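K.L.:
Structure: entry.pdb, PDB, C-alpha atoms, pLDDT in the B column.
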ATOM      1  CA  SER A  16     -28.099 -15.285 205.379  1.00 92.00           C
ATOM      2  CA  ALA A  17     -28.667 -11.611 204.603  1.00 95.00           C
ATOM      3  CA  MET A  18     -31.648  -9.288 204.830  1.00 96.00           C
ATOM      4  CA  ALA A  19     -30.941  -5.936 203.193  1.00 97.00           C
ATOM      5  CA  ASN A  20     -32.651  -2.846 201.853  1.00 97.00           C
ATOM      6  CA  ASN A  21     -36.024  -3.580 203.432  1.00 97.00           C
ATOM      7  CA  ALA A  22     -38.633  -1.097 204.653  1.00 97.00           C
ATOM      8  CA  ALA A  23     -41.869  -1.155 206.655  1.00 97.00           C
ATOM      9  CA  GLY A  24     -44.368   1.643 207.138  1.00 96.00           C
ATOM     10  CA  ASP A  25     -44.762   1.007 210.885  1.00 97.00           C
ATOM     11  CA  THR A  26     -42.691  -1.733 212.583  1.00 97.00           C
ATOM     12  CA  GLY A  27     -39.984  -4.228 211.651  1.00 97.00           C
ATOM     13  CA  GLY A  28     -38.104  -3.114 208.557  1.00 96.00           C
ATOM     14  CA  SER A  29     -36.831  -6.643 207.815  1.00 97.00           C
ATOM     15  CA  ALA A  30     -38.997  -8.757 210.154  1.00 97.00           C
ATOM     16  CA  SER A  31     -41.829  -8.370 212.640  1.00 96.00           C
ATOM     17  CA  ALA A  32     -43.153 -10.984 215.063  1.00 95.00           C
ATOM     18  CA  THR A  33     -46.206 -10.783 217.328  1.00 95.00           C
ATOM     19  CA  ALA A  34     -47.006 -13.469 219.917  1.00 92.00           C
ATOM     20  CA  SER A  35     -44.344 -15.808 218.563  1.00 93.00           C
ATOM     21  CA  PHE A  36     -40.712 -16.952 218.790  1.00 95.00           C
ATOM     22  CA  LEU A  37     -38.238 -15.285 216.436  1.00 96.00           C
ATOM     23  CA  ALA A  38     -34.654 -16.531 215.985  1.00 97.00           C
ATOM     24  CA  PHE A  39     -31.883 -15.083 213.824  1.00 97.00           C
ATOM     25  CA  ILE A  40     -28.718 -17.206 213.646  1.00 97.00           C
ATOM     26  CA  ASN A  41     -25.815 -15.967 211.472  1.00 98.00           C
ATOM     27  CA  VAL A  42     -27.911 -13.291 209.770  1.00 98.00           C
ATOM     28  CA  ASN A  43     -26.720  -9.916 208.490  1.00 98.00           C
ATOM     29  CA  VAL A  44     -29.414  -7.234 208.556  1.00 98.00           C
ATOM     30  CA  ALA A  45     -28.470  -4.045 206.707  1.00 98.00           C
ATOM     31  CA  ASN A  46     -30.068  -0.838 205.454  1.00 98.00           C
ATOM     32  CA  SER A  47     -33.488  -1.637 206.893  1.00 98.00           C
ATOM     33  CA  VAL A  48     -35.963   1.083 207.845  1.00 97.00           C
ATOM     34  CA  ALA A  49     -39.212   1.207 209.823  1.00 97.00           C
ATOM     35  CA  GLY A  50     -41.617   4.116 209.962  1.00 96.00           C
ATOM     36  CA  ARG A  51     -41.988   3.914 213.755  1.00 96.00           C
ATOM     37  CA  ALA A  52     -40.172   1.081 215.562  1.00 96.00           C
ATOM     38  CA  GLY A  53     -37.633  -1.676 214.952  1.00 96.00           C
ATOM     39  CA  GLY A  54     -35.707  -0.542 211.895  1.00 97.00           C
ATOM     40  CA  GLY A  55     -34.299  -4.061 211.573  1.00 97.00           C
ATOM     41  CA  VAL A  56     -36.669  -6.187 213.658  1.00 97.00           C
ATOM     42  CA  ALA A  57     -39.761  -5.606 215.810  1.00 97.00           C
ATOM     43  CA  ILE A  58     -40.909  -8.127 218.416  1.00 97.00           C
ATOM     44  CA  ILE A  59     -44.278  -7.472 220.041  1.00 95.00           C
ATOM     45  CA  GLY A  60     -46.285  -9.113 222.836  1.00 93.00           C
ATOM     46  CA  ASP A  61     -45.864 -10.784 226.207  1.00 90.00           C
ATOM     47  CA  THR A  62     -45.762 -14.272 224.698  1.00 92.00           C
ATOM     48  CA  SER A  63     -43.030 -13.305 222.222  1.00 94.00           C
ATOM     49  CA  THR A  64     -39.334 -14.106 222.533  1.00 94.00           C
ATOM     50  CA  GLY A  65     -36.387 -13.172 220.366  1.00 95.00           C
ATOM     51  CA  THR A  66     -32.975 -14.778 219.996  1.00 97.00           C
ATOM     52  CA  PHE A  67     -30.151 -13.252 217.945  1.00 97.00           C
ATOM     53  CA  ARG A  68     -26.879 -15.203 217.722  1.00 97.00           C
ATOM     54  CA  THR A  69     -23.904 -14.092 215.618  1.00 97.00           C
ATOM     55  CA  THR A  70     -26.199 -11.617 213.914  1.00 97.00           C
ATOM     56  CA  SER A  71     -25.211  -8.136 212.781  1.00 97.00           C
ATOM     57  CA  PHE A  72     -27.308  -5.016 212.290  1.00 97.00           C
ATOM     58  CA  ARG A  73     -25.813  -2.248 210.135  1.00 96.00           C
ATOM     59  CA  ARG A  74     -27.328   1.054 209.086  1.00 96.00           C
ATOM     60  CA  CYS A  75     -30.817   0.229 210.385  1.00 97.00           C
ATOM     61  CA  ASN A  76     -33.074   3.061 211.498  1.00 95.00           C
ATOM     62  CA  ALA A  77     -36.538   3.909 212.786  1.00 96.00           C
ATOM     63  CA  SER A  78     -38.234   7.229 213.395  1.00 94.00           C
ATOM     64  CA  ALA A  79     -39.169   6.581 217.035  1.00 92.00           C
ATOM     65  CA  PHE A  80     -37.998   3.404 218.820  1.00 90.00           C
ATOM     66  CA  GLY A  81     -35.192   0.868 218.312  1.00 90.00           C
ATOM     67  CA  GLY A  82     -32.961   1.640 215.376  1.00 93.00           C
ATOM     68  CA  ALA A  83     -32.078  -2.049 214.978  1.00 96.00           C
ATOM     69  CA  ILE A  84     -34.363  -3.953 217.392  1.00 95.00           C
ATOM     70  CA  SER A  85     -37.572  -2.916 219.120  1.00 94.00           C
ATOM     71  CA  ALA A  86     -39.099  -5.259 221.725  1.00 92.00           C
ATOM     72  CA  THR A  87     -42.421  -3.944 223.059  1.00 89.00           C
ATOM     73  CA  SER A  88     -45.558  -4.870 225.000  1.00 88.00           C
ATOM     74  CA  ASP A  89     -43.757  -6.939 227.635  1.00 85.00           C
ATOM     75  CA  VAL A  90     -41.768  -9.259 225.343  1.00 88.00           C
ATOM     76  CA  ALA A  91     -40.975 -12.239 227.578  1.00 90.00           C
ATOM     77  CA  GLU A  92     -37.286 -12.633 226.641  1.00 90.00           C
ATOM     78  CA  LEU A  93     -34.716 -11.080 224.342  1.00 91.00           C
ATOM     79  CA  THR A  94     -31.288 -12.702 223.916  1.00 92.00           C
ATOM     80  CA  ILE A  95     -28.445 -11.168 221.883  1.00 93.00           C
ATOM     81  CA  GLU A  96     -25.177 -13.153 221.750  1.00 93.00           C
ATOM     82  CA  GLY A  97     -22.115 -12.676 219.570  1.00 93.00           C
ATOM     83  CA  GLY A  98     -23.758  -9.853 217.667  1.00 92.00           C
ATOM     84  CA  ALA A  99     -22.737  -6.510 216.226  1.00 93.00           C
ATOM     85  CA  PHE A 100     -24.638  -3.225 215.883  1.00 92.00           C
ATOM     86  CA  ALA A 101     -23.170  -0.431 213.761  1.00 92.00           C
ATOM     87  CA  GLN A 102     -24.488   2.900 212.542  1.00 92.00           C
ATOM     88  CA  CYS A 103     -28.036   2.298 213.720  1.00 92.00           C
ATOM     89  CA  THR A 104     -30.102   5.411 214.415  1.00 90.00           C
ATOM     90  CA  VAL A 105     -33.447   6.377 215.859  1.00 89.00           C
ATOM     91  CA  GLY A 106     -35.310   9.620 216.455  1.00 88.00           C
ATOM     92  CA  GLN A 107     -36.377   9.068 220.071  1.00 85.00           C
ATOM     93  CA  GLN A 108     -35.283   6.025 222.129  1.00 81.00           C
ATOM     94  CA  GLY A 109     -32.838   3.148 221.736  1.00 82.00           C
ATOM     95  CA  GLY A 110     -30.379   3.890 218.926  1.00 84.00           C
ATOM     96  CA  ALA A 111     -29.486   0.209 218.672  1.00 89.00           C
ATOM     97  CA  VAL A 112     -32.059  -1.515 220.916  1.00 89.00           C
ATOM     98  CA  HIS A 113     -35.307  -0.399 222.554  1.00 87.00           C
ATOM     99  CA  ILE A 114     -37.119  -2.565 225.095  1.00 84.00           C
ATOM    100  CA  ASP A 115     -40.244  -1.745 227.048  1.00 80.00           C
ATOM    101  CA  GLY A 116     -41.853  -4.036 229.548  1.00 75.00           C
ATOM    102  CA  THR A 117     -40.892  -6.509 232.204  1.00 76.00           C
ATOM    103  CA  GLY A 118     -39.196  -9.262 230.175  1.00 80.00           C
ATOM    104  CA  VAL A 119     -35.698 -10.696 230.494  1.00 82.00           C
ATOM    105  CA  LEU A 120     -32.818  -9.172 228.524  1.00 82.00           C
ATOM    106  CA  ARG A 121     -29.525 -10.984 227.923  1.00 85.00           C
ATOM    107  CA  VAL A 122     -26.666  -9.408 225.932  1.00 86.00           C
ATOM    108  CA  ALA A 123     -23.248 -11.121 225.677  1.00 86.00           C
ATOM    109  CA  ASP A 124     -20.177 -10.778 223.463  1.00 87.00           C
ATOM    110  CA  THR A 125     -21.832  -8.104 221.363  1.00 87.00           C
ATOM    111  CA  SER A 126     -20.346  -4.904 219.949  1.00 85.00           C
ATOM    112  CA  PHE A 127     -22.089  -1.547 219.517  1.00 83.00           C
ATOM    113  CA  GLU A 128     -20.525   1.110 217.277  1.00 84.00           C
ATOM    114  CA  ASP A 129     -21.711   4.541 216.172  1.00 83.00           C
ATOM    115  CA  SER A 130     -25.372   4.124 217.029  1.00 83.00           C
ATOM    116  CA  ALA A 131     -27.287   7.274 217.912  1.00 81.00           C
ATOM    117  CA  VAL A 132     -30.520   8.862 219.058  1.00 80.00           C
ATOM    118  CA  GLY A 133     -31.760  12.032 217.391  1.00 79.00           C
ATOM    119  CA  TYR A 134     -31.681  14.226 220.500  1.00 69.00           C
ATOM    120  CA  SER A 135     -28.079  13.417 221.529  1.00 64.00           C
ATOM    121  CA  THR A 136     -25.172  15.536 220.350  1.00 54.00           C
ATOM    122  CA  GLU A 137     -22.592  13.115 221.771  1.00 56.00           C
ATOM    123  CA  PRO A 138     -21.071  10.153 219.840  1.00 48.00           C
ATOM    124  CA  VAL A 139     -23.295   7.507 221.426  1.00 51.00           C
ATOM    125  CA  CYS A 140     -22.206   3.917 220.814  1.00 48.00           C
ATOM    126  CA  LEU A 141     -25.270   2.321 222.366  1.00 51.00           C
ATOM    127  CA  THR A 142     -28.530   3.490 223.768  1.00 53.00           C
ATOM    128  CA  LEU A 143     -30.710   0.985 225.526  1.00 56.00           C
ATOM    129  CA  THR A 144     -34.067   2.214 226.744  1.00 54.00           C
ATOM    130  CA  MET A 145     -35.901   0.220 229.396  1.00 56.00           C
ATOM    131  CA  ILE A 146     -39.465   1.088 230.324  1.00 54.00           C
ATOM    132  CA  ASP A 147     -41.459  -0.874 232.886  1.00 53.00           C
ATOM    133  CA  THR A 148     -45.048  -0.655 231.669  1.00 51.00           C
ATOM    134  CA  ASN A 149     -46.483  -2.246 234.829  1.00 57.00           C
ATOM    135  CA  GLY A 150     -45.048   0.297 237.263  1.00 54.00           C
ATOM    136  CA  TYR A 151     -42.674  -2.059 239.086  1.00 55.00           C
ATOM    137  CA  GLY A 152     -38.935  -1.510 239.545  1.00 50.00           C
ATOM    138  CA  TRP A 153     -37.187   0.957 237.248  1.00 49.00           C
ATOM    139  CA  ASP A 154     -39.264   3.376 235.249  1.00 50.00           C
ATOM    140  CA  GLY A 155     -38.072   5.020 232.070  1.00 51.00           C
ATOM    141  CA  ALA A 156     -34.386   4.255 232.705  1.00 53.00           C
ATOM    142  CA  GLU A 157     -32.078   4.917 229.791  1.00 54.00           C
ATOM    143  CA  LEU A 158     -28.514   3.632 229.523  1.00 57.00           C
ATOM    144  CA  PHE A 159     -26.052   5.475 227.306  1.00 55.00           C
ATOM    145  CA  VAL A 160     -22.615   4.056 226.470  1.00 55.00           C
ATOM    146  CA  PHE A 161     -20.088   6.467 224.989  1.00 52.00           C
ATOM    147  CA  ARG A 162     -16.689   5.974 223.411  1.00 52.00           C
ATOM    148  CA  LYS A 163     -14.005   6.826 225.947  1.00 51.00           C
ATOM    149  CA  GLU A 164     -11.996   8.790 223.394  1.00 54.00           C
ATOM    150  CA  GLY A 165     -13.568  12.124 222.589  1.00 54.00           C
ATOM    151  CA  TYR A 166     -16.178  11.996 225.380  1.00 49.00           C
ATOM    152  CA  LYS A 167     -16.216  14.970 227.694  1.00 53.00           C
ATOM    153  CA  HIS A 168     -18.130  14.560 230.940  1.00 51.00           C
ATOM    154  CA  PRO A 169     -20.794  17.297 231.239  1.00 54.00           C
ATOM    155  CA  LEU A 170     -19.505  18.352 234.680  1.00 55.00           C
ATOM    156  CA  ALA A 171     -15.801  18.372 233.755  1.00 54.00           C
TER     157      ALA A 171
END
Before we go any further, please render this structure as structure tokens.
P.N.:
Amino acid sequence: SAMANNAAGDTGGSASATASFLAFINVNVANSVAGRAGGGVAIIGDTSTGTFRTTSFRRCNASAFGGAISATSDVAELTIEGGAFAQCTVGQQGGAVHIDGTGVLRVADTSFEDSAVGYSTEPVCLTLTMIDTNGYGWDGAELFVFRKEGYKHPLA
């Protein structure tokens, strides 16, 4: 299946789910845009879960959070397996994926290529933002993964 050239004024360029289960199996999401969060898909709420298997996100973008996927308001579980993210961009947090809350995240056998956040001048492959809204554990942690070739450590 394919979802392409979609747009949303606020969240979920191709799909948005609140308080529900959302599953994408063998889906290609491309050229999707959201005004604020989840250029490809937005999942919202503590009773929501998302599963993405053998699903690709290409050229998805959002102005603030999650170029491809945004999972907010304590989404219970997000699983990404056998996926691919390429050329996804965002203005603030999570070039490919943005998650806030205390839910479970599982990512396996998934590639991330040329995704970026607006404030980074480096060739970021993946940005994953994790924010604990309840004040437990990590707080505002952000993971950046860079290509080995062409990356220069800031202290080198």
K.L.:
Taking only C-alpha atoms into account, name the residue in A:Gly55, A:Gly118, A:Gly28, A:Gly110 that is nearest to Leu93 in chain A.
P.N.:
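Of A:Gly55, A:Gly118, A:Gly28, A:Gly110, the one nearest Leu93 in chain A, counting only C-alpha atoms, is A:Gly118.
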K.L.:
Go through the shown structure with the PyMOL selection byres ((chain A and resi 57-65) around 6) and write out the matching residues as number ranges by chain.
P.N.:
A: 26-27, 31-38, 53, 56, 66, 84-93
K.L.:
May I ask which of the residues A:Phe100, A:Phe67, A:Phe80, A:Phe72 is the closest one to Ser126 in chain A, counting all atoms listed in the file?
P.N.:
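Ranking A:Phe100, A:Phe67, A:Phe80, A:Phe72 by distance to Ser126 in chain A, first place goes to A:Phe100.
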K.L.:
Which residue gives the smallest distance to Ala123 in chain A among A:Phe39, A:Gln107, A:Thr69, A:Arg74, with all atoms listed in the file counted?
P.N.:
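Going through A:Phe39, A:Gln107, A:Thr69, A:Arg74 one by one, the smallest distance to Ala123 in chain A is for A:Thr69.
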K.L.:
Calculate, to one decimal in Å, the centre and edge lengths of the box along x, y and z of the file that holds all listed atoms of range 100-107 of chain A with 4 Å of margin on each side, and present them as AutoDock Vina command-line options.
P.N.:
--center_x -29.8 --center_y 3.2 --center_z 216.3 --size_x 21.2 --size_y 20.8 --size_z 15.5
K.L.:
Take the PyMOL selection byres ((chain A and resi 104-106) around 8), run it mentally on this structure, and tell me the resulting residues as an mmCIF file with C-alpha atoms, in the coordinates of the input.
P.N.:
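Dumped to selection.cif:
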data_model
loop_
_atom_site.group_PDB
_atom_site.id
_atom_site.type_symbol
_atom_site.label_atom_id
_atom_site.label_comp_id
_atom_site.auth_asym_id
_atom_site.auth_seq_id
_atom_site.Cartn_x
_atom_site.Cartn_y
_atom_site.Cartn_z
ATOM 1 C CA ARG A 74 -27.328 1.054 209.086
ATOM 2 C CA CYS A 75 -30.817 0.229 210.385
ATOM 3 C CA ASN A 76 -33.074 3.061 211.498
ATOM 4 C CA ALA A 77 -36.538 3.909 212.786
ATOM 5 C CA SER A 78 -38.234 7.229 213.395
ATOM 6 C CA ALA A 79 -39.169 6.581 217.035
ATOM 7 C CA PHE A 80 -37.998 3.404 218.820
ATOM 8 C CA GLY A 81 -35.192 0.868 218.312
ATOM 9 C CA GLY A 82 -32.961 1.640 215.376
ATOM 10 C CA ALA A 83 -32.078 -2.049 214.978
ATOM 11 C CA GLN A 102 -24.488 2.900 212.542
ATOM 12 C CA CYS A 103 -28.036 2.298 213.720
ATOM 13 C CA GLN A 107 -36.377 9.068 220.071
ATOM 14 C CA GLN A 108 -35.283 6.025 222.129
ATOM 15 C CA GLY A 109 -32.838 3.148 221.736
ATOM 16 C CA GLY A 110 -30.379 3.890 218.926
ATOM 17 C CA ALA A 111 -29.486 0.209 218.672
ATOM 18 C CA SER A 130 -25.372 4.124 217.029
ATOM 19 C CA ALA A 131 -27.287 7.274 217.912
ATOM 20 C CA VAL A 132 -30.520 8.862 219.058
ATOM 21 C CA GLY A 133 -31.760 12.032 217.391
ATOM 22 C CA TYR A 134 -31.681 14.226 220.500
#
